[in-house]
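**Student:** Below is a structure I'd like to ask you about.
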Amino acid sequence: MSASTLYMSTLIIVGLVVLVLVVYLILIIVALRRAGTHLEQLAGGLQQIVEDSTPLEGHLGTINGALTQLHGGLSSVDGHLVEIAKVLKLV
């Protein structure tokens, strides 16, 4: 093998490596741009959720109060049922 053949082979191999790296970098750029688009859509969706759930804030206190009263009533019923089960010797 002569020096010029080795030189040309080296240039071809280096050129191929550079070409492969350029292709991979272009593919990475495309993937990152797609991801950026998806992130923008996700951020828009999350903002819409925040805007849609804002009116619920005023109603949650009312719902929580009603559920607290319901819990108290159901706990009372549970206590009565336990006492009845004790009387009937089911427990």
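Chains: A, B, ... in order of the structure tokens. Residues: from 1 per chain. Ligands: from 1, in order shown.
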At most 12 Å is the cut-off: for each residue in segment 19-69 of chain A with any atom that close to an atom of segment 73-91 of chain A, write down the nearest atom pair and the distance in Å rounded to one decimal, counting only C-alpha atoms, chain first then increasing number, as a Markdown table.
**Tutor:**
```
| residue | atom | partner | partner_atom | distance |
| --- | --- | --- | --- | --- |
| A:Ala66 | CA | A:Gly73 | CA | 10.7 |
| A:Leu67 | CA | A:Gly73 | CA | 9.7 |
| A:Thr68 | CA | A:Gly73 | CA | 8.8 |
| A:Gln69 | CA | A:Gly73 | CA | 6.3 |
```
**Student:** At what distance in Å, to one decimal, does atom CA of Thr54 of chain A lie from atom CA of Leu39 of chain A?
**Tutor:**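 Computed distance, atom CA of Leu39 of chain A to atom CA of Thr54 of chain A, equals 22.6 Å.
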